[in-house]
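One file, work03.cif, carrying mmCIF, C-alpha atoms (C1' of nucleotides); chains and numbers go by the auth columns:
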data_model
loop_
_atom_site.group_PDB
_atom_site.id
_atom_site.type_symbol
_atom_site.label_atom_id
_atom_site.label_comp_id
_atom_site.label_asym_id
_atom_site.label_seq_id
_atom_site.Cartn_x
_atom_site.Cartn_y
_atom_site.Cartn_z
_atom_site.B_iso_or_equiv
_atom_site.auth_seq_id
_atom_site.auth_asym_id
ATOM 1 C CA MET A 1 78.972 6.238 21.034 0.00 1 A
ATOM 2 C CA LEU A 2 81.535 6.522 23.806 0.00 2 A
ATOM 3 C CA LYS A 3 82.791 9.653 22.107 0.00 3 A
ATOM 4 C CA LYS A 4 79.340 11.192 22.415 0.00 4 A
ATOM 5 C CA ILE A 5 79.234 10.346 26.087 0.00 5 A
ATOM 6 C CA PHE A 6 82.639 11.955 26.452 0.00 6 A
ATOM 7 C CA ASN A 7 81.441 15.141 24.772 0.00 7 A
ATOM 8 C CA LYS A 8 78.452 15.222 27.077 0.00 8 A
ATOM 9 C CA LEU A 9 80.627 14.939 30.180 0.00 9 A
ATOM 10 C CA LEU A 10 83.025 17.539 28.822 0.00 10 A
ATOM 11 C CA LYS A 11 80.222 19.984 28.211 0.00 11 A
ATOM 12 C CA GLN A 12 78.767 19.329 31.642 0.00 12 A
ATOM 13 C CA TYR A 13 81.930 19.517 33.741 0.00 13 A
ATOM 14 C CA GLY A 14 84.483 21.248 31.543 0.00 14 A
ATOM 15 C CA LYS A 15 88.132 20.249 31.144 0.00 15 A
ATOM 16 C CA GLN A 16 89.682 18.612 34.195 0.00 16 A
ATOM 17 C CA ASN A 17 93.289 18.861 32.976 0.00 17 A
ATOM 18 C CA TRP A 18 94.694 15.710 34.544 0.00 18 A
ATOM 19 C CA TRP A 19 97.259 14.868 35.849 0.00 19 A
ATOM 20 C CA PRO A 20 97.892 17.932 38.057 0.00 20 A
ATOM 21 C CA ALA A 21 101.665 18.175 38.647 0.00 21 A
ATOM 22 C CA GLU A 22 104.609 20.511 38.144 0.00 22 A
ATOM 23 C CA THR A 23 107.011 17.827 36.952 0.00 23 A
ATOM 24 C CA GLU A 24 106.827 14.433 35.321 0.00 24 A
ATOM 25 C CA TYR A 25 108.278 12.720 38.374 0.00 25 A
ATOM 26 C CA GLU A 26 105.608 14.292 40.550 0.00 26 A
ATOM 27 C CA ILE A 27 103.081 12.295 38.524 0.00 27 A
ATOM 28 C CA VAL A 28 105.031 9.107 39.176 0.00 28 A
ATOM 29 C CA VAL A 29 105.002 9.787 42.911 0.00 29 A
ATOM 30 C CA GLY A 30 101.329 10.724 42.841 0.00 30 A
ATOM 31 C CA ILE A 31 100.398 7.419 41.224 0.00 31 A
ATOM 32 C CA ILE A 32 101.705 5.548 44.260 0.00 32 A
ATOM 33 C CA LEU A 33 100.493 7.968 46.903 0.00 33 A
ATOM 34 C CA THR A 34 96.929 8.147 45.591 0.00 34 A
ATOM 35 C CA GLN A 35 96.311 4.416 45.897 0.00 35 A
ATOM 36 C CA ASN A 36 93.071 4.017 47.845 0.00 36 A
ATOM 37 C CA THR A 37 93.237 7.526 49.284 0.00 37 A
ATOM 38 C CA THR A 38 91.688 10.913 48.614 0.00 38 A
ATOM 39 C CA TRP A 39 93.653 13.333 46.464 0.00 39 A
ATOM 40 C CA LYS A 40 93.462 15.892 49.235 0.00 40 A
ATOM 41 C CA ASN A 41 95.621 13.694 51.469 0.00 41 A
ATOM 42 C CA VAL A 42 97.997 13.091 48.573 0.00 42 A
ATOM 43 C CA GLU A 43 98.434 16.843 48.199 0.00 43 A
ATOM 44 C CA LYS A 44 99.521 17.085 51.816 0.00 44 A
ATOM 45 C CA ALA A 45 102.088 14.352 51.290 0.00 45 A
ATOM 46 C CA LEU A 46 103.330 15.920 48.048 0.00 46 A
ATOM 47 C CA SER A 47 103.547 19.269 49.795 0.00 47 A
ATOM 48 C CA ASN A 48 105.680 17.725 52.531 0.00 48 A
ATOM 49 C CA LEU A 49 107.994 16.160 49.954 0.00 49 A
ATOM 50 C CA LYS A 50 108.327 19.468 48.100 0.00 50 A
ATOM 51 C CA ARG A 51 109.106 21.388 51.255 0.00 51 A
ATOM 52 C CA ALA A 52 111.833 18.846 52.044 0.00 52 A
ATOM 53 C CA HIS A 53 113.104 19.113 48.450 0.00 53 A
ATOM 54 C CA MET A 54 112.588 15.391 48.089 0.00 54 A
ATOM 55 C CA LEU A 55 110.616 15.342 44.857 0.00 55 A
ATOM 56 C CA GLU A 56 113.533 14.019 42.826 0.00 56 A
ATOM 57 C CA PRO A 57 114.312 10.380 41.944 0.00 57 A
ATOM 58 C CA LYS A 58 117.880 10.396 43.271 0.00 58 A
ATOM 59 C CA LYS A 59 116.849 11.884 46.597 0.00 59 A
ATOM 60 C CA ILE A 60 114.023 9.424 47.102 0.00 60 A
ATOM 61 C CA LEU A 61 116.344 6.512 46.336 0.00 61 A
ATOM 62 C CA SER A 62 119.057 7.706 48.704 0.00 62 A
ATOM 63 C CA CYS A 63 116.749 8.691 51.557 0.00 63 A
ATOM 64 C CA SER A 64 115.983 6.391 54.487 0.00 64 A
ATOM 65 C CA ASN A 65 112.554 4.774 54.540 0.00 65 A
ATOM 66 C CA GLN A 66 111.864 6.281 57.934 0.00 66 A
ATOM 67 C CA ILE A 67 112.195 9.853 56.691 0.00 67 A
ATOM 68 C CA ILE A 68 110.003 9.226 53.645 0.00 68 A
ATOM 69 C CA GLU A 69 107.404 7.503 55.809 0.00 69 A
ATOM 70 C CA GLN A 70 107.033 10.588 57.972 0.00 70 A
ATOM 71 C CA LEU A 71 106.736 12.891 54.973 0.00 71 A
ATOM 72 C CA ILE A 72 104.033 10.891 53.197 0.00 72 A
ATOM 73 C CA LYS A 73 102.134 9.895 56.328 0.00 73 A
ATOM 74 C CA PRO A 74 98.993 11.954 55.552 0.00 74 A
ATOM 75 C CA CYS A 75 98.056 9.770 52.581 0.00 75 A
ATOM 76 C CA GLY A 76 97.972 6.531 54.559 0.00 76 A
ATOM 77 C CA PHE A 77 99.612 3.104 54.043 0.00 77 A
ATOM 78 C CA TYR A 78 102.837 5.040 54.408 0.00 78 A
ATOM 79 C CA LYS A 79 105.163 2.112 55.097 0.00 79 A
ATOM 80 C CA GLN A 80 104.003 0.165 52.044 0.00 80 A
ATOM 81 C CA LYS A 81 103.928 3.242 49.861 0.00 81 A
ATOM 82 C CA THR A 82 107.505 4.118 50.791 0.00 82 A
ATOM 83 C CA VAL A 83 108.666 0.743 49.480 0.00 83 A
ATOM 84 C CA TYR A 84 106.442 1.008 46.415 0.00 84 A
ATOM 85 C CA LEU A 85 107.680 4.537 45.732 0.00 85 A
ATOM 86 C CA LYS A 86 111.278 3.385 45.691 0.00 86 A
ATOM 87 C CA ASN A 87 110.362 0.452 43.447 0.00 87 A
ATOM 88 C CA ILE A 88 108.694 2.605 40.778 0.00 88 A
ATOM 89 C CA THR A 89 111.430 5.226 41.075 0.00 89 A
ATOM 90 C CA ARG A 90 114.134 2.631 40.441 0.00 90 A
ATOM 91 C CA TYR A 91 112.251 1.584 37.317 0.00 91 A
ATOM 92 C CA TYR A 92 111.659 5.186 36.267 0.00 92 A
ATOM 93 C CA VAL A 93 115.305 6.269 36.322 0.00 93 A
ATOM 94 C CA ASP A 94 116.368 3.362 34.094 0.00 94 A
ATOM 95 C CA LEU A 95 113.349 3.590 31.828 0.00 95 A
ATOM 96 C CA ASP A 96 113.799 2.789 28.130 0.00 96 A
ATOM 97 C CA ARG A 97 111.149 4.869 26.377 0.00 97 A
ATOM 98 C CA ASN A 98 111.675 3.168 23.049 0.00 98 A
ATOM 99 C CA LYS A 99 109.985 -0.018 24.166 0.00 99 A
ATOM 100 C CA SER A 100 106.448 -0.853 23.040 0.00 100 A
ATOM 101 C CA THR A 101 103.489 -0.021 25.237 0.00 101 A
ATOM 102 C CA ALA A 102 102.716 -3.717 25.683 0.00 102 A
ATOM 103 C CA THR A 103 106.254 -4.446 26.835 0.00 103 A
ATOM 104 C CA LEU A 104 106.308 -1.522 29.235 0.00 104 A
ATOM 105 C CA ARG A 105 102.972 -2.596 30.703 0.00 105 A
ATOM 106 C CA LYS A 106 104.278 -6.091 31.428 0.00 106 A
ATOM 107 C CA GLU A 107 107.365 -4.647 33.067 0.00 107 A
ATOM 108 C CA LEU A 108 105.279 -2.283 35.202 0.00 108 A
ATOM 109 C CA LEU A 109 103.033 -5.114 36.348 0.00 109 A
ATOM 110 C CA ASN A 110 106.084 -6.993 37.596 0.00 110 A
ATOM 111 C CA ILE A 111 106.930 -4.178 40.014 0.00 111 A
ATOM 112 C CA LYS A 112 105.681 -4.717 43.568 0.00 112 A
ATOM 113 C CA GLY A 113 103.207 -1.947 44.247 0.00 113 A
ATOM 114 C CA ILE A 114 102.119 -1.454 40.643 0.00 114 A
ATOM 115 C CA GLY A 115 98.803 -3.080 39.783 0.00 115 A
ATOM 116 C CA LYS A 116 96.782 -2.672 36.623 0.00 116 A
ATOM 117 C CA GLU A 117 95.383 0.755 37.362 0.00 117 A
ATOM 118 C CA SER A 118 98.729 2.193 38.411 0.00 118 A
ATOM 119 C CA ALA A 119 100.435 0.642 35.379 0.00 119 A
ATOM 120 C CA ASP A 120 97.914 2.200 33.007 0.00 120 A
ATOM 121 C CA SER A 121 98.097 5.547 34.807 0.00 121 A
ATOM 122 C CA PHE A 122 101.872 5.472 34.368 0.00 122 A
ATOM 123 C CA LEU A 123 101.591 4.618 30.682 0.00 123 A
ATOM 124 C CA LEU A 124 98.959 7.277 30.015 0.00 124 A
ATOM 125 C CA TYR A 125 99.943 10.204 32.223 0.00 125 A
ATOM 126 C CA VAL A 126 103.712 9.764 32.465 0.00 126 A
ATOM 127 C CA LEU A 127 104.626 8.208 29.125 0.00 127 A
ATOM 128 C CA ASN A 128 101.710 9.559 27.085 0.00 128 A
ATOM 129 C CA ARG A 129 100.789 6.146 25.683 0.00 129 A
ATOM 130 C CA PRO A 130 97.157 5.428 24.697 0.00 130 A
ATOM 131 C CA SER A 131 96.376 3.093 27.600 0.00 131 A
ATOM 132 C CA PHE A 132 92.935 3.627 29.100 0.00 132 A
ATOM 133 C CA VAL A 133 92.795 3.683 32.895 0.00 133 A
ATOM 134 C CA ILE A 134 90.055 1.717 34.644 0.00 134 A
ATOM 135 C CA ASP A 135 89.202 2.542 38.252 0.00 135 A
ATOM 136 C CA ALA A 136 86.270 1.934 40.588 0.00 136 A
ATOM 137 C CA TYR A 137 84.461 5.007 39.234 0.00 137 A
ATOM 138 C CA THR A 138 84.803 3.802 35.658 0.00 138 A
ATOM 139 C CA LYS A 139 83.284 0.424 36.495 0.00 139 A
ATOM 140 C CA ARG A 140 80.415 2.091 38.305 0.00 140 A
ATOM 141 C CA PHE A 141 79.952 4.515 35.419 0.00 141 A
ATOM 142 C CA VAL A 142 79.697 1.654 32.916 0.00 142 A
ATOM 143 C CA LYS A 143 77.258 -0.246 35.116 0.00 143 A
ATOM 144 C CA THR A 144 75.055 2.769 35.820 0.00 144 A
ATOM 145 C CA PHE A 145 74.542 3.477 32.129 0.00 145 A
ATOM 146 C CA LYS A 146 74.661 -0.205 31.117 0.00 146 A
ATOM 147 C CA LEU A 147 77.354 0.416 28.512 0.00 147 A
ATOM 148 C CA CYS A 148 78.619 -3.170 28.454 0.00 148 A
ATOM 149 C CA GLU A 149 78.639 -6.493 30.279 0.00 149 A
ATOM 150 C CA CYS A 150 82.304 -6.193 31.180 0.00 150 A
ATOM 151 C CA LYS A 151 83.509 -8.048 34.248 0.00 151 A
ATOM 152 C CA THR A 152 87.279 -8.120 34.463 0.00 152 A
ATOM 153 C CA TYR A 153 89.670 -5.175 34.356 0.00 153 A
ATOM 154 C CA GLU A 154 90.994 -6.149 30.945 0.00 154 A
ATOM 155 C CA GLU A 155 87.459 -6.378 29.560 0.00 155 A
ATOM 156 C CA PHE A 156 86.626 -2.853 30.686 0.00 156 A
ATOM 157 C CA LYS A 157 89.913 -1.599 29.285 0.00 157 A
ATOM 158 C CA HIS A 158 89.334 -3.289 25.936 0.00 158 A
ATOM 159 C CA PHE A 159 85.798 -1.925 25.787 0.00 159 A
ATOM 160 C CA PHE A 160 86.986 1.677 26.032 0.00 160 A
ATOM 161 C CA GLU A 161 90.013 1.270 23.783 0.00 161 A
ATOM 162 C CA SER A 162 88.098 -0.521 21.025 0.00 162 A
ATOM 163 C CA ASN A 163 85.258 2.006 21.022 0.00 163 A
ATOM 164 C CA LEU A 164 87.353 5.169 21.023 0.00 164 A
ATOM 165 C CA PRO A 165 89.989 6.595 18.688 0.00 165 A
ATOM 166 C CA SER A 166 93.473 5.902 20.050 0.00 166 A
ATOM 167 C CA ASP A 167 93.986 9.416 21.365 0.00 167 A
ATOM 168 C CA VAL A 168 96.105 10.067 24.452 0.00 168 A
ATOM 169 C CA GLU A 169 94.512 13.397 25.306 0.00 169 A
ATOM 170 C CA LEU A 170 91.054 11.892 24.908 0.00 170 A
ATOM 171 C CA TYR A 171 91.945 9.006 27.234 0.00 171 A
ATOM 172 C CA LYS A 172 93.331 11.378 29.852 0.00 172 A
ATOM 173 C CA GLU A 173 90.371 13.705 29.859 0.00 173 A
ATOM 174 C CA PHE A 174 87.765 10.955 29.680 0.00 174 A
ATOM 175 C CA HIS A 175 89.160 9.207 32.733 0.00 175 A
ATOM 176 C CA ALA A 176 89.341 12.488 34.624 0.00 176 A
ATOM 177 C CA LEU A 177 85.760 13.329 33.694 0.00 177 A
ATOM 178 C CA ILE A 178 84.492 9.939 34.844 0.00 178 A
ATOM 179 C CA VAL A 179 86.167 10.488 38.211 0.00 179 A
ATOM 180 C CA ARG A 180 84.565 13.914 38.387 0.00 180 A
ATOM 181 C CA TRP A 181 81.203 12.313 37.633 0.00 181 A
ATOM 182 C CA GLY A 182 81.835 9.633 40.259 0.00 182 A
ATOM 183 C CA LYS A 183 82.459 12.135 43.002 0.00 183 A
ATOM 184 C CA GLU A 184 78.988 13.573 42.497 0.00 184 A
ATOM 185 C CA ASN A 185 77.223 10.253 42.267 0.00 185 A
ATOM 186 C "C1'" DC B 1 80.638 5.249 66.016 0.00 1 I
ATOM 187 C "C1'" DA B 2 81.098 3.420 61.144 0.00 2 I
ATOM 188 C "C1'" DC B 3 82.428 4.037 56.437 0.00 3 I
ATOM 189 C "C1'" DC B 4 85.136 5.277 52.409 0.00 4 I
ATOM 190 C "C1'" DA B 5 88.765 7.510 49.377 0.00 5 I
ATOM 191 C "C1'" DG B 6 91.808 8.561 42.119 0.00 6 I
ATOM 192 C "C1'" DG B 7 94.729 0.052 44.992 0.00 7 I
ATOM 193 C "C1'" DA B 8 97.685 -3.764 45.514 0.00 8 I
ATOM 194 C "C1'" DA B 9 99.670 -7.901 47.680 0.00 9 I
ATOM 195 C "C1'" DT B 10 98.840 -12.030 49.840 0.00 10 I
ATOM 196 C "C1'" DG B 11 96.277 -16.023 51.242 0.00 11 I
ATOM 197 C "C1'" DT B 12 92.537 -19.317 50.771 0.00 12 I
ATOM 198 C "C1'" DA B 13 89.379 -22.523 48.271 0.00 13 I
ATOM 199 C "C1'" DT C 1 88.951 -17.653 39.038 0.00 1 S
ATOM 200 C "C1'" DA C 2 86.726 -15.391 43.006 0.00 2 S
ATOM 201 C "C1'" DC C 3 86.668 -13.518 47.522 0.00 3 S
ATOM 202 C "C1'" DA C 4 88.614 -12.085 52.127 0.00 4 S
ATOM 203 C "C1'" DT C 5 92.164 -9.671 54.751 0.00 5 S
ATOM 204 C "C1'" DT C 6 95.783 -6.247 55.540 0.00 6 S
ATOM 205 C "C1'" DC C 7 97.769 -1.815 55.048 0.00 7 S
ATOM 206 C "C1'" DA C 8 96.576 3.592 57.781 0.00 8 S
ATOM 207 C "C1'" DT C 9 95.362 8.583 57.448 0.00 9 S
ATOM 208 C "C1'" DG C 10 91.707 12.037 57.293 0.00 10 S
ATOM 209 C "C1'" DG C 11 87.082 13.568 56.227 0.00 11 S
ATOM 210 C "C1'" DT C 12 81.973 12.936 56.777 0.00 12 S
#

Turn the structure described in the file into structure tokens.
Amino acid sequence: MLKKIFNKLLKQYGKQNWWPAETEYEIVVGIILTQNTTWKNVEKALSNLKRAHMLEPKKILSCSNQIIEQLIKPCGFYKQKTVYLKNITRYYVDLDRNKSTATLRKELLNIKGIGKESADSFLLYVLNRPSFVIDAYTKRFVKTFKLCECKTYEEFKHFFESNLPSDVELYKEFHALIVRWGKEN
DNA sequence: CACCAGGAATGTA
DNA sequence: TACATTCATGGT
């Protein structure tokens, strides 16, 4: 039934092709920068980082917070996000991709600056693990069409994952389509 | 002028 | 567990 809803959204809006990025690390950075901000502002920050040739893990880790803060300023919360960006980058460079999705999720949630949505975005869009991402749009989408009585984040997540085939590309596109829907409603 | 955007941490009860 | 507050820029 969720699959039918997905097909309907896909037909209506077309493929969204998330996550837009030129490199894998750019996705990692985007996950932090987009927290509670419009993607348009994130693009400005990413553009600044690219122009400064800073979109590389080693450079972010060796750069002063002050410089990074100025570069990512357009996307807001820039002091916090600078710290968070270094935290996730430190984890990213030492990442062991052989670990199970459940283990990786626990590790991500222990990083300051990585909450449930960011952890699932990392798993899905960076590591290509079937971990459905729940955001404010998704909750509103479920409520609007009365799909379930879910309340907590984990309940929403379980609802999608247990009613859909475990397909990474499906998870990616579905989440992107729900966001697209949310922007028009 | 207020309000919100592709959240998360911290504090309170 | 369930809320409230803080972080901060840019668009409407």

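In this structure, atom CA of A:Ser100 sits 28.6 Å away from atom CA of A:Asn36.
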
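Residue neighbourhood of S:DG10, excluding near-sequence residues (fewer than 6 positions): A:Thr37, A:Thr38, A:Lys40, A:Asn41, A:Pro74, A:Cys75, A:Gly76, I:DA5, at 10 Å, using all atoms listed in the file.
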
(request) Go ahead and compute the interatomic distance for atom C1' of I:DA13 and atom C1' of S:DT6, in Å to one decimal. (result)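 Spanning atom C1' of I:DA13 to atom C1' of S:DT6 is a straight-line distance of 18.9 Å.
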
When you look at A:Ser131 with a cut-off of 10 Å (counting all atoms listed in the file), what residues show up, excluding the ones that are within fewer than 6 positions of it in the same chain? I need them as a PDB file with C-alpha atoms, in the frame of the given file.
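Output saved as part.pdb:
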ATOM      1  CA  THR A 101     103.489  -0.021  25.237  1.00  0.00           C
ATOM      2  CA  ALA A 102     102.716  -3.717  25.683  1.00  0.00           C
ATOM      3  CA  ARG A 105     102.972  -2.596  30.703  1.00  0.00           C
ATOM      4  CA  ALA A 119     100.435   0.642  35.379  1.00  0.00           C
ATOM      5  CA  ASP A 120      97.914   2.200  33.007  1.00  0.00           C
ATOM      6  CA  SER A 121      98.097   5.547  34.807  1.00  0.00           C
ATOM      7  CA  PHE A 122     101.872   5.472  34.368  1.00  0.00           C
ATOM      8  CA  LEU A 123     101.591   4.618  30.682  1.00  0.00           C
ATOM      9  CA  LEU A 124      98.959   7.277  30.015  1.00  0.00           C
ATOM     10  CA  TYR A 125      99.943  10.204  32.223  1.00  0.00           C
ATOM     11  CA  LYS A 157      89.913  -1.599  29.285  1.00  0.00           C
ATOM     12  CA  HIS A 158      89.334  -3.289  25.936  1.00  0.00           C
ATOM     13  CA  PHE A 160      86.986   1.677  26.032  1.00  0.00           C
ATOM     14  CA  GLU A 161      90.013   1.270  23.783  1.00  0.00           C
ATOM     15  CA  SER A 166      93.473   5.902  20.050  1.00  0.00           C
ATOM     16  CA  ASP A 167      93.986   9.416  21.365  1.00  0.00           C
ATOM     17  CA  VAL A 168      96.105  10.067  24.452  1.00  0.00           C
ATOM     18  CA  TYR A 171      91.945   9.006  27.234  1.00  0.00           C
ATOM     19  CA  LYS A 172      93.331  11.378  29.852  1.00  0.00           C
TER      20      LYS A 172
END

Neighbour list for stretch 139-149 of chain A as a short mmCIF file (atom, residue, chain, number, x, y, z; two decimals) with C-alpha atoms, in the frame of the given file, cut-off 9 Å, all atoms listed in the file, skip fewer than 5 positions in-chain:
data_model
loop_
_atom_site.label_atom_id
_atom_site.label_comp_id
_atom_site.auth_asym_id
_atom_site.auth_seq_id
_atom_site.Cartn_x
_atom_site.Cartn_y
_atom_site.Cartn_z
CA LEU A 2 81.54 6.52 23.81
CA ILE A 134 90.06 1.72 34.64
CA GLU A 155 87.46 -6.38 29.56
CA PHE A 156 86.63 -2.85 30.69
CA PHE A 159 85.80 -1.92 25.79
CA ILE A 178 84.49 9.94 34.84
CA TRP A 181 81.20 12.31 37.63
CA GLY A 182 81.83 9.63 40.26
#

(request) Skip A:Tyr25 itself and residues of its chain fewer than 2 positions away, then list as number ranges by chain all residues within 10 Å of it, counting all atoms listed in the file. (result) A: 21-23, 27-31, 55-57, 89, 92-93, 126

Mind writing the picked residues with C-alpha atoms as a PDB file, in the coordinates of the input?
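After the write, again.pdb holds the following:
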ATOM      1  CA  ALA A  21     101.665  18.175  38.647  1.00  0.00           C
ATOM      2  CA  GLU A  22     104.609  20.511  38.144  1.00  0.00           C
ATOM      3  CA  THR A  23     107.011  17.827  36.952  1.00  0.00           C
ATOM      4  CA  ILE A  27     103.081  12.295  38.524  1.00  0.00           C
ATOM      5  CA  VAL A  28     105.031   9.107  39.176  1.00  0.00           C
ATOM      6  CA  VAL A  29     105.002   9.787  42.911  1.00  0.00           C
ATOM      7  CA  GLY A  30     101.329  10.724  42.841  1.00  0.00           C
ATOM      8  CA  ILE A  31     100.398   7.419  41.224  1.00  0.00           C
ATOM      9  CA  LEU A  55     110.616  15.342  44.857  1.00  0.00           C
ATOM     10  CA  GLU A  56     113.533  14.019  42.826  1.00  0.00           C
ATOM     11  CA  PRO A  57     114.312  10.380  41.944  1.00  0.00           C
ATOM     12  CA  THR A  89     111.430   5.226  41.075  1.00  0.00           C
ATOM     13  CA  TYR A  92     111.659   5.186  36.267  1.00  0.00           C
ATOM     14  CA  VAL A  93     115.305   6.269  36.322  1.00  0.00           C
ATOM     15  CA  VAL A 126     103.712   9.764  32.465  1.00  0.00           C
TER      16      VAL A 126
END

(message) Could you list, as a ChimeraX atom specification, every residue matched by the PyMOL selection byres ((chain I and resi 12) around 9) in this structure?
(response) /I:11,13 /S:3-4

Chain I near chain A within 7 Å: what's each residue's closest atom pair and its distance in Å to one decimal, counting only C-alpha atoms (C1' of nucleotides), ordered by chain then ascending residue number, as JSON lines?
{"residue": "I:DA5", "atom": "C1'", "partner": "A:Thr37", "partner_atom": "CA", "distance": 4.5}
{"residue": "I:DG6", "atom": "C1'", "partner": "A:Thr34", "partner_atom": "CA", "distance": 6.2}
{"residue": "I:DG7", "atom": "C1'", "partner": "A:Gln35", "partner_atom": "CA", "distance": 4.7}
{"residue": "I:DA8", "atom": "C1'", "partner": "A:Gly115", "partner_atom": "CA", "distance": 5.9}

(request) Give me, please, the distance in Å between atom CA of A:Lys8 and atom CA of A:Leu127, quoted to one decimal. (result) 27.2 Å

Taking all atoms listed in the file into account and nothing else, which residues of chain S lie no more than 10 Å away from chain A? Please answer as a CSV table (one decimal) with C-alpha atoms (C1' of nucleotides), in the frame of the given file.
chain,number,residue,atom,x,y,z
S,7,DC,C1',97.8,-1.8,55.0
S,8,DA,C1',96.6,3.6,57.8
S,9,DT,C1',95.4,8.6,57.4
S,10,DG,C1',91.7,12.0,57.3
S,11,DG,C1',87.1,13.6,56.2

Quick one: what's the axis-aligned box for stretch 8-12 of chain S, all listed atoms, 8 Å on every side, centre and edges in Å to one decimal, as lines of an AutoDock Vina configuration file?
center_x = 89.3
center_y = 8.6
center_z = 57.0
size_x = 30.6
size_y = 26.0
size_z = 17.6

(request) Dig up all the protein and nucleic acid residues within 12 Å of (108.8, 19.5, 52.8) in the file frame, using all atoms listed in the file, and format them as a PyMOL selection string. (result) chain A and resi 43-55+67-68+70-72

For the residues in the current selection, export C-alpha atoms as an mmCIF file, in the coordinates of the input.
data_model
loop_
_atom_site.group_PDB
_atom_site.id
_atom_site.type_symbol
_atom_site.label_atom_id
_atom_site.label_comp_id
_atom_site.auth_asym_id
_atom_site.auth_seq_id
_atom_site.Cartn_x
_atom_site.Cartn_y
_atom_site.Cartn_z
ATOM 1 C CA GLU A 43 98.434 16.843 48.199
ATOM 2 C CA LYS A 44 99.521 17.085 51.816
ATOM 3 C CA ALA A 45 102.088 14.352 51.290
ATOM 4 C CA LEU A 46 103.330 15.920 48.048
ATOM 5 C CA SER A 47 103.547 19.269 49.795
ATOM 6 C CA ASN A 48 105.680 17.725 52.531
ATOM 7 C CA LEU A 49 107.994 16.160 49.954
ATOM 8 C CA LYS A 50 108.327 19.468 48.100
ATOM 9 C CA ARG A 51 109.106 21.388 51.255
ATOM 10 C CA ALA A 52 111.833 18.846 52.044
ATOM 11 C CA HIS A 53 113.104 19.113 48.450
ATOM 12 C CA MET A 54 112.588 15.391 48.089
ATOM 13 C CA LEU A 55 110.616 15.342 44.857
ATOM 14 C CA ILE A 67 112.195 9.853 56.691
ATOM 15 C CA ILE A 68 110.003 9.226 53.645
ATOM 16 C CA GLN A 70 107.033 10.588 57.972
ATOM 17 C CA LEU A 71 106.736 12.891 54.973
ATOM 18 C CA ILE A 72 104.033 10.891 53.197
#

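Non-sequential neighbours of A:Lys15 (distance at most 10 Å, separation of 6 or more positions within a chain, all atoms listed in the file) are Leu9, Glu173, Phe174, Ala176 and Leu177 of chain A.
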
Can I get stretch 38-51 of chain A with N, CA and C atoms filled in, as a PDB file, keeping the file's coordinate frame?
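Now in selection_23.pdb:
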ATOM      1  N   THR A  38      92.216   9.714  49.264  1.00  0.00           N
ATOM      2  CA  THR A  38      91.688  10.913  48.614  1.00  0.00           C
ATOM      3  C   THR A  38      92.850  11.776  48.108  1.00  0.00           C
ATOM      4  N   TRP A  39      92.599  12.497  47.044  1.00  0.00           N
ATOM      5  CA  TRP A  39      93.653  13.333  46.464  1.00  0.00           C
ATOM      6  C   TRP A  39      94.071  14.435  47.429  1.00  0.00           C
ATOM      7  N   LYS A  40      93.160  14.848  48.268  1.00  0.00           N
ATOM      8  CA  LYS A  40      93.462  15.892  49.235  1.00  0.00           C
ATOM      9  C   LYS A  40      94.602  15.456  50.169  1.00  0.00           C
ATOM     10  N   ASN A  41      94.560  14.201  50.597  1.00  0.00           N
ATOM     11  CA  ASN A  41      95.621  13.694  51.469  1.00  0.00           C
ATOM     12  C   ASN A  41      96.930  13.537  50.703  1.00  0.00           C
ATOM     13  N   VAL A  42      96.813  13.217  49.414  1.00  0.00           N
ATOM     14  CA  VAL A  42      97.997  13.091  48.573  1.00  0.00           C
ATOM     15  C   VAL A  42      98.671  14.459  48.441  1.00  0.00           C
ATOM     16  N   GLU A  43      97.872  15.499  48.321  1.00  0.00           N
ATOM     17  CA  GLU A  43      98.434  16.843  48.199  1.00  0.00           C
ATOM     18  C   GLU A  43      99.236  17.236  49.430  1.00  0.00           C
ATOM     19  N   LYS A  44      98.770  16.794  50.588  1.00  0.00           N
ATOM     20  CA  LYS A  44      99.521  17.085  51.816  1.00  0.00           C
ATOM     21  C   LYS A  44     100.868  16.393  51.784  1.00  0.00           C
ATOM     22  N   ALA A  45     100.842  15.122  51.364  1.00  0.00           N
ATOM     23  CA  ALA A  45     102.088  14.352  51.290  1.00  0.00           C
ATOM     24  C   ALA A  45     103.035  14.954  50.261  1.00  0.00           C
ATOM     25  N   LEU A  46     102.499  15.312  49.097  1.00  0.00           N
ATOM     26  CA  LEU A  46     103.330  15.920  48.048  1.00  0.00           C
ATOM     27  C   LEU A  46     103.913  17.246  48.525  1.00  0.00           C
ATOM     28  N   SER A  47     103.098  17.995  49.252  1.00  0.00           N
ATOM     29  CA  SER A  47     103.547  19.269  49.795  1.00  0.00           C
ATOM     30  C   SER A  47     104.702  19.065  50.765  1.00  0.00           C
ATOM     31  N   ASN A  48     104.604  18.047  51.595  1.00  0.00           N
ATOM     32  CA  ASN A  48     105.680  17.725  52.531  1.00  0.00           C
ATOM     33  C   ASN A  48     106.965  17.370  51.791  1.00  0.00           C
ATOM     34  N   LEU A  49     106.824  16.574  50.738  1.00  0.00           N
ATOM     35  CA  LEU A  49     107.994  16.160  49.954  1.00  0.00           C
ATOM     36  C   LEU A  49     108.641  17.359  49.266  1.00  0.00           C
ATOM     37  N   LYS A  50     107.798  18.270  48.770  1.00  0.00           N
ATOM     38  CA  LYS A  50     108.327  19.468  48.100  1.00  0.00           C
ATOM     39  C   LYS A  50     109.087  20.348  49.085  1.00  0.00           C
ATOM     40  N   ARG A  51     108.481  20.529  50.241  1.00  0.00           N
ATOM     41  CA  ARG A  51     109.106  21.388  51.255  1.00  0.00           C
ATOM     42  C   ARG A  51     110.461  20.831  51.677  1.00  0.00           C
TER      43      ARG A  51
END
